[in-house]
>>> print(open('upload10.cif').read())   # mmCIF, C-alpha atoms
data_coords
loop_
_atom_site.label_atom_id
_atom_site.label_comp_id
_atom_site.auth_asym_id
_atom_site.auth_seq_id
_atom_site.Cartn_x
_atom_site.Cartn_y
_atom_site.Cartn_z
CA MET A 1 -159.33 -2.76 78.78
CA GLY A 2 -157.94 -2.47 75.31
CA LEU A 3 -157.25 -5.11 72.78
CA ASN A 4 -153.64 -6.16 73.13
CA ILE A 5 -152.26 -7.96 70.10
CA SER A 6 -148.57 -8.46 69.60
CA LEU A 7 -146.90 -10.36 66.77
CA SER A 8 -143.97 -11.27 68.97
CA PRO A 9 -144.23 -13.04 72.33
CA GLU A 10 -144.01 -10.68 75.26
CA VAL A 11 -141.19 -10.83 77.78
CA LEU A 12 -142.48 -11.70 81.25
CA PHE A 13 -139.29 -11.38 83.25
CA GLN A 14 -135.58 -11.84 82.89
CA ILE A 15 -133.26 -14.39 84.47
CA GLY A 16 -129.88 -12.76 84.33
CA ASN A 17 -129.92 -11.39 80.82
CA PHE A 18 -132.02 -14.27 79.54
CA PRO A 19 -135.51 -13.04 78.68
CA ILE A 20 -138.36 -15.39 79.54
CA THR A 21 -141.26 -14.84 77.17
CA ASN A 22 -144.79 -16.01 77.86
CA SER A 23 -144.82 -18.56 75.00
CA PHE A 24 -141.37 -19.88 75.99
CA LEU A 25 -142.63 -20.42 79.53
CA GLY A 26 -145.74 -22.13 78.13
CA GLY A 27 -143.57 -24.36 75.94
CA LEU A 28 -141.48 -25.35 78.96
CA VAL A 29 -144.54 -26.12 81.07
CA LEU A 30 -146.16 -28.18 78.30
CA SER A 31 -142.88 -30.01 77.68
CA LEU A 32 -142.81 -30.82 81.37
CA VAL A 33 -146.39 -32.08 81.15
CA ILE A 34 -145.46 -34.32 78.21
CA VAL A 35 -142.35 -35.60 80.00
CA LEU A 36 -144.44 -36.38 83.08
CA GLY A 37 -147.01 -38.15 80.93
CA VAL A 38 -144.28 -40.20 79.27
CA TRP A 39 -142.74 -40.96 82.66
CA TRP A 40 -146.10 -42.11 84.01
CA LEU A 41 -146.71 -44.21 80.90
CA ASN A 42 -143.26 -45.75 81.11
CA ARG A 43 -143.64 -46.53 84.80
CA ASN A 44 -146.99 -48.24 84.33
CA LEU A 45 -146.02 -50.08 81.18
CA LYS A 46 -147.51 -53.55 81.30
CA LYS A 47 -146.43 -56.28 78.95
CA ASP A 48 -149.62 -58.24 78.55
CA VAL A 49 -152.66 -56.33 79.70
CA PRO A 50 -152.33 -52.61 78.91
CA GLY A 51 -154.13 -50.02 81.01
CA LYS A 52 -156.35 -47.35 79.49
CA PHE A 53 -153.60 -44.76 79.07
CA GLN A 54 -151.19 -47.31 77.63
CA ASN A 55 -153.93 -48.55 75.30
CA VAL A 56 -154.47 -45.04 73.94
CA ALA A 57 -150.71 -44.51 73.58
CA GLU A 58 -150.36 -47.84 71.80
CA ILE A 59 -153.16 -47.09 69.38
CA LEU A 60 -151.77 -43.60 68.71
CA ILE A 61 -148.19 -44.76 68.21
CA SER A 62 -148.90 -47.90 66.20
CA GLY A 63 -151.48 -46.09 64.05
CA ALA A 64 -149.16 -43.14 63.43
CA PHE A 65 -146.29 -45.50 62.71
CA ASP A 66 -148.31 -47.44 60.14
CA PHE A 67 -149.27 -44.12 58.55
CA VAL A 68 -145.62 -43.01 58.37
CA VAL A 69 -144.68 -46.38 56.87
CA SER A 70 -147.39 -45.91 54.25
CA ILE A 71 -145.87 -42.55 53.31
CA ILE A 72 -142.19 -43.51 53.45
CA GLY A 73 -142.72 -46.98 51.99
CA SER A 74 -140.04 -48.66 54.06
CA GLU A 75 -140.33 -49.74 57.67
CA LYS A 76 -136.61 -49.29 58.31
CA LYS A 77 -136.60 -45.67 57.16
CA ALA A 78 -139.89 -45.02 58.92
CA ARG A 79 -138.39 -46.22 62.20
CA ARG A 80 -135.71 -43.52 61.92
CA ILE A 81 -137.92 -40.55 61.13
CA PHE A 82 -140.90 -41.57 63.22
CA PRO A 83 -139.75 -40.33 66.68
CA LEU A 84 -139.08 -36.81 65.35
CA ALA A 85 -142.30 -36.54 63.36
CA PHE A 86 -144.36 -38.04 66.17
CA THR A 87 -142.85 -35.67 68.75
CA MET A 88 -143.65 -32.74 66.47
CA PHE A 89 -147.22 -33.93 66.15
CA ILE A 90 -147.73 -34.48 69.88
CA PHE A 91 -146.00 -31.25 70.90
CA ILE A 92 -147.89 -29.10 68.41
CA LEU A 93 -151.19 -30.80 69.17
CA ILE A 94 -150.86 -30.43 72.93
CA SER A 95 -149.64 -26.84 72.59
CA ASN A 96 -152.61 -25.97 70.40
CA LEU A 97 -155.13 -27.75 72.58
CA ALA A 98 -153.73 -26.18 75.74
CA THR A 99 -154.97 -22.79 74.56
CA TYR A 100 -158.51 -24.11 75.02
CA ILE A 101 -158.08 -24.39 78.77
CA PRO A 102 -160.33 -21.51 79.83
CA GLY A 103 -159.31 -18.55 81.93
CA GLN A 104 -155.86 -18.07 80.47
CA ALA A 105 -156.60 -14.67 78.96
CA ALA A 106 -157.46 -13.34 82.41
CA VAL A 107 -154.02 -14.02 83.89
CA THR A 108 -151.87 -10.96 83.26
CA LEU A 109 -148.68 -9.50 84.57
CA HIS A 110 -148.05 -5.78 84.99
CA ARG A 111 -144.70 -4.64 83.74
CA GLY A 112 -144.60 -0.93 84.36
CA GLU A 113 -146.98 0.66 81.93
CA GLU A 114 -148.06 -2.37 79.89
CA THR A 115 -150.02 -5.42 80.91
CA VAL A 116 -148.67 -8.70 79.59
CA SER A 117 -150.75 -11.85 79.39
CA VAL A 118 -148.95 -14.78 81.03
CA PHE A 119 -150.29 -17.39 78.67
CA ARG A 120 -149.77 -17.38 74.94
CA ALA A 121 -150.22 -20.19 72.44
CA VAL A 122 -146.82 -21.83 72.06
CA MET A 123 -147.20 -22.13 68.31
CA ALA A 124 -148.14 -18.44 68.12
CA ASP A 125 -144.47 -17.80 68.87
CA TYR A 126 -142.64 -17.74 65.57
CA GLY A 127 -139.41 -18.73 67.33
CA MET A 128 -140.67 -22.17 68.36
CA VAL A 129 -142.16 -22.86 64.94
CA PHE A 130 -138.97 -21.61 63.29
CA VAL A 131 -136.83 -23.96 65.38
CA MET A 132 -138.89 -26.98 64.43
CA THR A 133 -138.96 -25.92 60.79
CA MET A 134 -135.20 -25.53 60.72
CA VAL A 135 -134.82 -28.98 62.30
CA THR A 136 -136.89 -30.40 59.46
CA VAL A 137 -135.19 -28.43 56.67
CA ILE A 138 -131.64 -29.06 57.88
CA LEU A 139 -132.43 -32.74 58.43
CA VAL A 140 -133.78 -32.93 54.89
CA GLN A 141 -130.55 -31.40 53.51
CA ILE A 142 -128.44 -33.84 55.54
CA ILE A 143 -130.44 -36.78 54.27
CA ALA A 144 -130.19 -35.53 50.69
CA ILE A 145 -126.40 -35.22 51.02
CA ALA A 146 -126.16 -38.68 52.60
CA VAL A 147 -128.26 -40.26 49.85
CA HIS A 148 -126.96 -38.45 46.77
CA GLY A 149 -123.43 -37.70 47.94
CA PRO A 150 -122.09 -34.12 48.32
CA PHE A 151 -121.56 -33.67 44.59
CA GLY A 152 -124.87 -35.19 43.65
CA TYR A 153 -126.50 -32.86 46.16
CA LEU A 154 -124.79 -29.75 44.77
CA GLY A 155 -125.31 -30.99 41.22
CA LYS A 156 -129.04 -30.88 41.76
CA PHE A 157 -128.83 -27.11 42.32
CA PHE A 158 -126.03 -26.21 39.92
CA ASN A 159 -126.70 -28.03 36.70
CA PHE A 160 -124.76 -26.85 33.65
CA LYS A 161 -126.10 -29.36 31.12
CA SER A 162 -128.48 -26.89 29.53
CA PRO A 163 -129.83 -23.42 30.27
CA LEU A 164 -133.17 -24.90 31.19
CA SER A 165 -131.76 -27.34 33.72
CA PHE A 166 -129.56 -24.56 35.14
CA PHE A 167 -132.64 -22.45 35.65
CA LEU A 168 -134.51 -25.39 37.18
CA GLY A 169 -131.59 -26.00 39.51
CA LEU A 170 -131.75 -22.41 40.72
CA MET A 171 -135.47 -22.84 41.18
CA ASP A 172 -134.72 -25.84 43.41
CA ILE A 173 -132.72 -23.54 45.69
CA VAL A 174 -135.71 -21.24 45.90
CA GLY A 175 -137.86 -24.29 46.55
CA GLU A 176 -135.72 -25.36 49.50
CA LEU A 177 -135.84 -21.84 50.96
CA ALA A 178 -139.57 -21.71 50.33
CA LYS A 179 -139.95 -24.85 52.41
CA ILE A 180 -138.81 -22.90 55.46
CA VAL A 181 -141.31 -20.16 54.85
CA SER A 182 -144.23 -22.35 53.83
CA LEU A 183 -143.79 -24.88 56.62
CA SER A 184 -143.28 -22.38 59.41
CA PHE A 185 -145.76 -19.71 58.38
CA ARG A 186 -148.51 -22.21 57.73
CA LEU A 187 -148.43 -23.32 61.34
CA PHE A 188 -147.61 -19.96 62.90
CA GLY A 189 -150.12 -18.10 60.72
CA ASN A 190 -152.97 -20.49 61.46
CA ILE A 191 -152.48 -20.54 65.19
CA PHE A 192 -151.68 -16.83 65.52
CA ALA A 193 -154.65 -15.91 63.36
CA GLY A 194 -156.85 -18.19 65.43
CA GLU A 195 -155.63 -16.52 68.61
CA VAL A 196 -156.14 -13.05 67.22
CA LEU A 197 -159.54 -13.91 65.86
CA GLY A 198 -160.55 -15.40 69.18
CA ALA A 199 -159.31 -12.32 71.05
CA VAL A 200 -161.08 -9.95 68.69
CA MET A 201 -164.34 -11.88 68.91
CA LEU A 202 -164.04 -12.03 72.68
CA PHE A 203 -163.49 -8.28 72.69
CA LEU A 204 -166.41 -7.50 70.37
CA ALA A 205 -169.01 -9.97 71.61
CA PRO A 206 -167.91 -12.05 74.61
CA PHE A 207 -170.92 -14.40 74.65
CA PHE A 208 -171.59 -17.10 72.03
CA MET A 209 -170.06 -15.18 69.15
CA PRO A 210 -166.55 -16.65 69.62
CA LEU A 211 -167.90 -20.23 69.70
CA PRO A 212 -167.88 -20.96 65.93
CA PHE A 213 -164.37 -19.56 65.75
CA LEU A 214 -163.34 -21.72 68.67
CA PHE A 215 -164.58 -24.82 66.87
CA LEU A 216 -162.80 -23.72 63.74
CA GLY A 217 -159.67 -23.16 65.79
CA LEU A 218 -160.03 -26.62 67.32
CA LEU A 219 -160.13 -28.08 63.84
CA SER A 220 -157.06 -26.20 62.72
CA ALA A 221 -155.27 -27.08 65.97
CA VAL A 222 -155.47 -30.77 65.08
CA VAL A 223 -155.05 -30.33 61.34
CA GLN A 224 -152.00 -28.07 61.59
CA ALA A 225 -150.24 -30.46 63.96
CA PHE A 226 -150.97 -33.28 61.56
CA VAL A 227 -149.93 -31.31 58.49
CA PHE A 228 -146.64 -30.16 60.00
CA ALA A 229 -145.61 -33.69 61.00
CA VAL A 230 -146.75 -35.23 57.72
CA LEU A 231 -144.97 -32.59 55.65
CA THR A 232 -141.78 -33.33 57.56
CA VAL A 233 -142.15 -37.00 56.70
CA VAL A 234 -142.92 -36.20 53.07
CA PHE A 235 -139.90 -33.90 52.73
CA VAL A 236 -137.69 -36.61 54.19
CA LYS A 237 -139.14 -39.16 51.82
CA LEU A 238 -138.51 -36.87 48.83
CA ALA A 239 -134.95 -36.20 49.95
CA ALA A 240 -134.22 -39.90 50.47
CA GLU A 241 -135.63 -40.86 47.11
CA ILE A 242 -133.22 -41.68 44.33
CA GLU A 243 -134.67 -40.49 41.04
CA GLU A 244 -134.89 -42.81 38.09
CA GLU A 245 -132.49 -40.74 36.02
CA GLU A 246 -129.92 -40.93 38.76
CA THR A 247 -130.17 -44.67 39.17
CA LEU A 248 -129.66 -45.00 35.43
CA GLU A 249 -126.54 -42.84 35.68
CA GLN A 250 -125.26 -44.88 38.57
CA ALA A 251 -125.93 -48.09 36.70
CA SER A 252 -124.01 -46.82 33.64
CA ILE A 253 -121.02 -45.91 35.83
CA MET B 1 -133.03 -7.45 61.57
CA GLU B 2 -136.28 -5.65 61.82
CA LEU B 3 -138.35 -8.66 60.70
CA PHE B 4 -136.75 -10.86 63.34
CA ASP B 5 -137.46 -8.26 65.98
CA ALA B 6 -141.03 -7.95 64.84
CA LEU B 7 -141.48 -11.73 65.06
CA GLY B 8 -139.77 -11.75 68.42
CA LEU B 9 -136.87 -13.95 67.35
CA ASN B 10 -134.16 -13.95 69.97
CA GLY B 11 -131.01 -16.09 69.60
CA LYS B 12 -130.93 -17.17 73.22
CA ILE B 13 -134.57 -18.15 73.27
CA LEU B 14 -134.23 -19.98 69.96
CA LEU B 15 -131.36 -22.01 71.36
CA ALA B 16 -133.32 -22.75 74.51
CA GLN B 17 -136.32 -23.77 72.43
CA LEU B 18 -134.15 -26.03 70.26
CA ILE B 19 -132.69 -27.75 73.32
CA ASN B 20 -136.14 -28.00 74.83
CA PHE B 21 -137.49 -29.63 71.69
CA ALA B 22 -134.50 -31.97 71.39
CA VAL B 23 -135.01 -33.14 74.96
CA LEU B 24 -138.68 -33.70 74.20
CA VAL B 25 -137.83 -35.81 71.12
CA TRP B 26 -135.30 -37.80 73.11
CA VAL B 27 -137.70 -38.41 76.01
CA ILE B 28 -140.54 -39.51 73.75
CA TRP B 29 -138.19 -41.68 71.71
CA LYS B 30 -136.54 -43.39 74.66
CA PHE B 31 -139.40 -43.70 77.09
CA ALA B 32 -142.60 -43.82 75.05
CA TYR B 33 -141.99 -44.82 71.46
CA GLY B 34 -139.26 -47.39 72.11
CA PRO B 35 -140.85 -49.29 74.99
CA ILE B 36 -144.29 -49.25 73.40
CA VAL B 37 -143.04 -50.57 70.08
CA LYS B 38 -141.10 -53.23 71.96
CA THR B 39 -144.17 -54.13 74.02
CA LEU B 40 -146.30 -54.33 70.89
CA ASN B 41 -143.76 -56.54 69.14
CA ASP B 42 -143.40 -58.78 72.18
CA ARG B 43 -147.15 -59.09 72.45
CA GLN B 44 -147.43 -59.89 68.78
CA LYS B 45 -144.80 -62.60 69.10
CA LYS B 46 -146.51 -63.98 72.18
CA ILE B 47 -149.87 -64.13 70.44
CA GLU B 48 -148.33 -65.77 67.39
CA LYS B 49 -146.64 -68.32 69.62
CA GLY B 50 -149.89 -68.96 71.48
CA ILE B 51 -151.79 -69.53 68.25
CA ARG B 52 -149.08 -71.81 66.95
CA ASN B 53 -149.06 -73.77 70.23
CA ALA B 54 -152.83 -74.14 70.11
CA ALA B 55 -152.67 -75.46 66.55
CA GLU B 56 -149.92 -77.88 67.54
CA ALA B 57 -151.89 -79.09 70.54
CA LYS B 58 -154.92 -79.62 68.31
CA ASP B 59 -152.87 -81.66 65.85
CA LYS B 60 -151.38 -83.69 68.65
CA LEU B 61 -154.81 -84.35 70.13
CA ALA B 62 -156.13 -85.53 66.77
CA GLU B 63 -153.12 -87.79 66.37
CA MET B 64 -153.61 -89.20 69.87
CA GLU B 65 -157.25 -89.88 69.15
CA LYS B 66 -156.29 -91.65 65.96
CA ARG B 67 -153.69 -93.72 67.77
CA GLU B 68 -156.14 -94.52 70.54
CA LYS B 69 -158.64 -95.70 67.99
CA GLN B 70 -156.01 -97.80 66.31
CA VAL B 71 -155.02 -99.41 69.59
CA LEU B 72 -158.64 -100.06 70.46
CA ASP B 73 -159.30 -101.59 67.06
CA LYS B 74 -156.27 -103.81 67.36
CA ALA B 75 -157.25 -104.90 70.86
CA ARG B 76 -160.75 -105.67 69.70
CA GLN B 77 -159.42 -107.67 66.79
CA GLU B 78 -157.07 -109.60 69.03
CA ALA B 79 -159.85 -110.32 71.48
CA GLN B 80 -162.01 -111.58 68.63
CA GLU B 81 -159.18 -113.84 67.46
CA ILE B 82 -158.61 -115.18 70.95
CA ILE B 83 -162.28 -115.94 71.33
CA LYS B 84 -162.36 -117.68 67.97
CA LYS B 85 -159.30 -119.71 68.82
CA ALA B 86 -160.74 -120.65 72.19
CA GLU B 87 -163.98 -121.70 70.53
CA SER B 88 -162.20 -123.87 68.02
CA VAL B 89 -160.04 -125.39 70.73
CA ALA B 90 -163.12 -126.06 72.81
CA GLU B 91 -164.86 -127.60 69.80
CA GLU B 92 -161.88 -129.83 69.14
CA SER B 93 -161.57 -130.98 72.69
CA LYS B 94 -165.29 -131.57 72.83
CA GLN B 95 -165.15 -133.75 69.80
CA GLU B 96 -162.18 -135.57 71.21
CA ILE B 97 -163.93 -136.14 74.49
CA VAL B 98 -167.03 -137.33 72.73
CA GLN B 99 -164.98 -139.66 70.61
CA VAL B 100 -163.12 -141.02 73.59
CA ALA B 101 -166.39 -141.49 75.38
CA HIS B 102 -167.82 -143.24 72.38
CA GLU B 103 -164.83 -145.48 72.18
CA GLU B 104 -164.96 -146.21 75.85
CA ALA B 105 -168.63 -146.90 75.68
CA SER B 106 -168.28 -149.24 72.75
CA LYS B 107 -165.39 -150.94 74.47
CA ILE B 108 -167.40 -151.38 77.60
CA LEU B 109 -170.30 -152.59 75.54
CA ALA B 110 -168.11 -155.06 73.72
CA GLU B 111 -166.64 -156.29 76.92
CA ALA B 112 -170.05 -156.64 78.43
CA LYS B 113 -171.24 -158.54 75.41
CA LYS B 114 -168.23 -160.79 75.54
CA LYS B 115 -168.74 -161.38 79.19
CA ILE B 116 -172.39 -162.16 78.67
CA GLU B 117 -171.49 -164.49 75.89
CA GLN B 118 -168.85 -166.17 77.98
CA GLU B 119 -171.21 -166.46 80.87
CA GLY B 120 -173.87 -167.83 78.54
CA GLN B 121 -171.46 -170.38 77.16
CA GLN B 122 -170.29 -171.32 80.59
CA MET B 123 -173.82 -171.63 81.72
CA MET B 124 -174.63 -173.72 78.69
CA SER B 125 -171.69 -175.99 79.26
CA GLU B 126 -172.62 -176.36 82.88
CA ILE B 127 -176.17 -177.03 81.91
CA LYS B 128 -174.94 -179.54 79.40
CA LYS B 129 -172.82 -181.16 82.04
CA ASP B 130 -175.71 -181.23 84.46
CA LEU B 131 -177.97 -182.39 81.74
CA ALA B 132 -175.65 -185.27 80.93
CA GLU B 133 -175.57 -186.33 84.47
CA LEU B 134 -179.31 -185.89 84.69
CA VAL B 135 -179.87 -187.93 81.58
CA LEU B 136 -177.47 -190.49 82.84
CA ALA B 137 -179.20 -190.69 86.11
CA ALA B 138 -182.54 -190.84 84.40
CA THR B 139 -181.38 -193.41 81.98
CA GLU B 140 -179.82 -195.39 84.79
CA LYS B 141 -183.09 -195.32 86.58
CA VAL B 142 -184.93 -196.23 83.43
CA VAL B 143 -182.51 -198.89 82.41
CA GLY B 144 -182.14 -200.01 85.93
CA GLU B 145 -178.67 -200.91 85.85
CA LYS B 146 -175.48 -199.21 86.31
CA MET B 147 -173.53 -198.65 83.26
CA ASP B 148 -169.93 -198.15 82.83
CA LEU B 149 -169.60 -194.61 83.97
CA ALA B 150 -166.87 -193.30 81.78
CA GLU B 151 -168.10 -194.88 78.57
CA ASP B 152 -171.67 -193.93 79.09
CA LYS B 153 -170.89 -190.45 80.01
CA LYS B 154 -168.92 -190.03 76.80
CA MET B 155 -171.79 -191.37 74.78
CA VAL B 156 -174.36 -189.18 76.49
CA GLU B 157 -172.21 -186.13 76.02
CA LYS B 158 -171.92 -186.92 72.34
CA ILE B 159 -175.65 -187.28 72.06
CA VAL B 160 -176.25 -184.07 73.94
CA SER B 161 -173.83 -182.20 71.77
CA GLU B 162 -175.58 -183.63 68.70
CA ILE B 163 -178.87 -182.45 70.12
CA LYS B 164 -177.72 -178.98 70.44
#
>>> encode(input="upload10.cif", output="structure tokens")
Amino acid sequence: MGLNISLSPEVLFQIGNFPITNSFLGGLVLSLVIVLGVWWLNRNLKKDVPGKFQNVAEILISGAFDFVVSIIGSEKKARRIFPLAFTMFIFILISNLATYIPGQAAVTLHRGEETVSVFRAVMADYGMVFVMTMVTVILVQIIAIAVHGPFGYLGKFFNFKSPLSFFLGLMDIVGELAKIVSLSFRLFGNIFAGEVLGAVMLFLAPFFMPLPFLFLGLLSAVVQAFVFAVLTVVFVKLAAEIEEEETLEQASI
Amino acid sequence: MELFDALGLNGKILLAQLINFAVLVWVIWKFAYGPIVKTLNDRQKKIEKGIRNAAEAKDKLAEMEKREKQVLDKARQEAQEIIKKAESVAEESKQEIVQVAHEEASKILAEAKKKIEQEGQQMMSEIKKDLAELVLAATEKVVGEKMDLAEDKKMVEKIVSEIK
């Protein structure tokens, strides 16, 4: 058995001409698990005396909400961004933790010559990470346009007041594009590297050697989920902020 | 693009993943985040209301106790007044009764005295009358002859009255 590492998720089978990859299937299954969990929570929601599961959900949601409020600074704005950021956190966290269910590496599918593993970490699929990153980045642009107005938004990038501010404006464009790369590759890189490292360690020394890397991976599983969601909130906060200079301009008009 | 192929980016899958994620956001928003925030807010309101009610009840209880004490004090005071009044009335009537009794007694005493005096006088006059007759009879016996009754009697009575 050779070491099988692929940067892209492998196609398991096709429905019509729609390819089903292993990480896409995993994402669907985990989404279903989350939906079932939410359904169960919603069905057993008690007003006065919460059950254990509801208690945990309440602590998680109210704690996360307070944290988002502390970043955003306004409860009204926090209420708008919270569902998206919280879903990102939960989805990434559960996807990352699901890779720790043992025995997944053993389940493979034979497609002609190659063997394809059925399970793959959902966040080790750049597509899924890219989708979430684009949601964040596009949302940030929309918020910036809504707050600053279309001309204010464009004026931030194309500033002809002085050569320096023109250059800084161009740098802002690079900065926005860099957000896509930094946000997505941070998550994808960490999880993919963790997977690869785990696979390599398992290949080299199956007993005990992978354990420290597993713990490290567990840490990054939680931290990366947290970082991704928090960065989304921070980007939104920055986009929704009106700078002092601008308020002065608006006041003078 | 080669990079996209290398990373396994496929337009169809990306779209499916986007829809998948959107559904997930919607489900968590509608069925977990919303209801739980509502539940938490409701519970918070309920607890606040409960605490407020408890404080109100405490205040009311204190007020009731105060009022009860006031009523008790007033009742006690009134009772004291009634007792005092009754005592004074009793004292008055006692004095009155005693006075009336005194008066009655002195009246009775006076009457008795008067009666005794009258009786004494009557007795005296009767004795005097008897005495006059006795003296007359004695004198008649001594003198031995019968005197004129009317004249003698007058004289004897005068003598007897002088004796007295």
>>> resolve_selection(input="upload10.cif", expression="the PyMOL selection byres ((chain A and resi 110-122) around 6)", output="PyMOL selection string")
chain A and resi 22-23+27+95+99+104+107-109+123-125
>>> atom_distance(input="upload10.cif", atom1="atom CA of A:Ile71", atom2="atom CA of A:Ile142")
19.6 Å
>>> resolve_selection(input="upload10.cif", expression="the PyMOL selection byres ((chain B) within 12 of (chain A))", output="ChimeraX atom specification")
/B:2-47
>>> write_last_selection(input="upload10.cif", atoms="C-alpha atoms", output="PDB file, keeping the file's coordinate frame")
ATOM      1  CA  GLU B   2    -136.280  -5.650  61.820  1.00  0.00           C
ATOM      2  CA  LEU B   3    -138.350  -8.660  60.700  1.00  0.00           C
ATOM      3  CA  PHE B   4    -136.750 -10.860  63.340  1.00  0.00           C
ATOM      4  CA  ASP B   5    -137.460  -8.260  65.980  1.00  0.00           C
ATOM      5  CA  ALA B   6    -141.030  -7.950  64.840  1.00  0.00           C
ATOM      6  CA  LEU B   7    -141.480 -11.730  65.060  1.00  0.00           C
ATOM      7  CA  GLY B   8    -139.770 -11.750  68.420  1.00  0.00           C
ATOM      8  CA  LEU B   9    -136.870 -13.950  67.350  1.00  0.00           C
ATOM      9  CA  ASN B  10    -134.160 -13.950  69.970  1.00  0.00           C
ATOM     10  CA  GLY B  11    -131.010 -16.090  69.600  1.00  0.00           C
ATOM     11  CA  LYS B  12    -130.930 -17.170  73.220  1.00  0.00           C
ATOM     12  CA  ILE B  13    -134.570 -18.150  73.270  1.00  0.00           C
ATOM     13  CA  LEU B  14    -134.230 -19.980  69.960  1.00  0.00           C
ATOM     14  CA  LEU B  15    -131.360 -22.010  71.360  1.00  0.00           C
ATOM     15  CA  ALA B  16    -133.320 -22.750  74.510  1.00  0.00           C
ATOM     16  CA  GLN B  17    -136.320 -23.770  72.430  1.00  0.00           C
ATOM     17  CA  LEU B  18    -134.150 -26.030  70.260  1.00  0.00           C
ATOM     18  CA  ILE B  19    -132.690 -27.750  73.320  1.00  0.00           C
ATOM     19  CA  ASN B  20    -136.140 -28.000  74.830  1.00  0.00           C
ATOM     20  CA  PHE B  21    -137.490 -29.630  71.690  1.00  0.00           C
ATOM     21  CA  ALA B  22    -134.500 -31.970  71.390  1.00  0.00           C
ATOM     22  CA  VAL B  23    -135.010 -33.140  74.960  1.00  0.00           C
ATOM     23  CA  LEU B  24    -138.680 -33.700  74.200  1.00  0.00           C
ATOM     24  CA  VAL B  25    -137.830 -35.810  71.120  1.00  0.00           C
ATOM     25  CA  TRP B  26    -135.300 -37.800  73.110  1.00  0.00           C
ATOM     26  CA  VAL B  27    -137.700 -38.410  76.010  1.00  0.00           C
ATOM     27  CA  ILE B  28    -140.540 -39.510  73.750  1.00  0.00           C
ATOM     28  CA  TRP B  29    -138.190 -41.680  71.710  1.00  0.00           C
ATOM     29  CA  LYS B  30    -136.540 -43.390  74.660  1.00  0.00           C
ATOM     30  CA  PHE B  31    -139.400 -43.700  77.090  1.00  0.00           C
ATOM     31  CA  ALA B  32    -142.600 -43.820  75.050  1.00  0.00           C
ATOM     32  CA  TYR B  33    -141.990 -44.820  71.460  1.00  0.00           C
ATOM     33  CA  GLY B  34    -139.260 -47.390  72.110  1.00  0.00           C
ATOM     34  CA  PRO B  35    -140.850 -49.290  74.990  1.00  0.00           C
ATOM     35  CA  ILE B  36    -144.290 -49.250  73.400  1.00  0.00           C
ATOM     36  CA  VAL B  37    -143.040 -50.570  70.080  1.00  0.00           C
ATOM     37  CA  LYS B  38    -141.100 -53.230  71.960  1.00  0.00           C
ATOM     38  CA  THR B  39    -144.170 -54.130  74.020  1.00  0.00           C
ATOM     39  CA  LEU B  40    -146.300 -54.330  70.890  1.00  0.00           C
ATOM     40  CA  ASN B  41    -143.760 -56.540  69.140  1.00  0.00           C
ATOM     41  CA  ASP B  42    -143.400 -58.780  72.180  1.00  0.00           C
ATOM     42  CA  ARG B  43    -147.150 -59.090  72.450  1.00  0.00           C
ATOM     43  CA  GLN B  44    -147.430 -59.890  68.780  1.00  0.00           C
ATOM     44  CA  LYS B  45    -144.800 -62.600  69.100  1.00  0.00           C
ATOM     45  CA  LYS B  46    -146.510 -63.980  72.180  1.00  0.00           C
ATOM     46  CA  ILE B  47    -149.870 -64.130  70.440  1.00  0.00           C
TER      47      ILE B  47
END
>>> resolve_selection(input="upload10.cif", expression="the PyMOL selection byres ((chain A and resi 214) around 10)", output="list in words")
Tyr100, Gly194, Glu195, Leu197, Gly198, Met201, Met209, Pro210, Leu211, Pro212, Phe213, Phe215, Leu216, Gly217, Leu218, Leu219 and Ser220 of chain A
>>> atom_distance(input="upload10.cif", atom1="atom CA of B:Leu149", atom2="atom CA of B:Leu136")
9.0 Å
>>> atom_distance(input="upload10.cif", atom1="atom CA of B:Glu63", atom2="atom CA of B:Glu81")
26.8 Å
>>> closest_residue(input="upload10.cif", among="A:Val234, A:Ile94, A:Gly155, A:Pro163", to="A:Leu183", atoms="only C-alpha atoms")
A:Val234
>>> residues_around(input="upload10.cif", residues="A:Asp172", least_positions_apart="3", cutoff="8 Å", atoms="all atoms listed in the file", output="number ranges by chain")
A: 156-157, 168-169, 175-176
>>> closest_residue(input="upload10.cif", among="A:Val56, A:Val33, A:Ala106, A:Leu177", to="A:Ala199", atoms="all atoms listed in the file")
A:Ala106
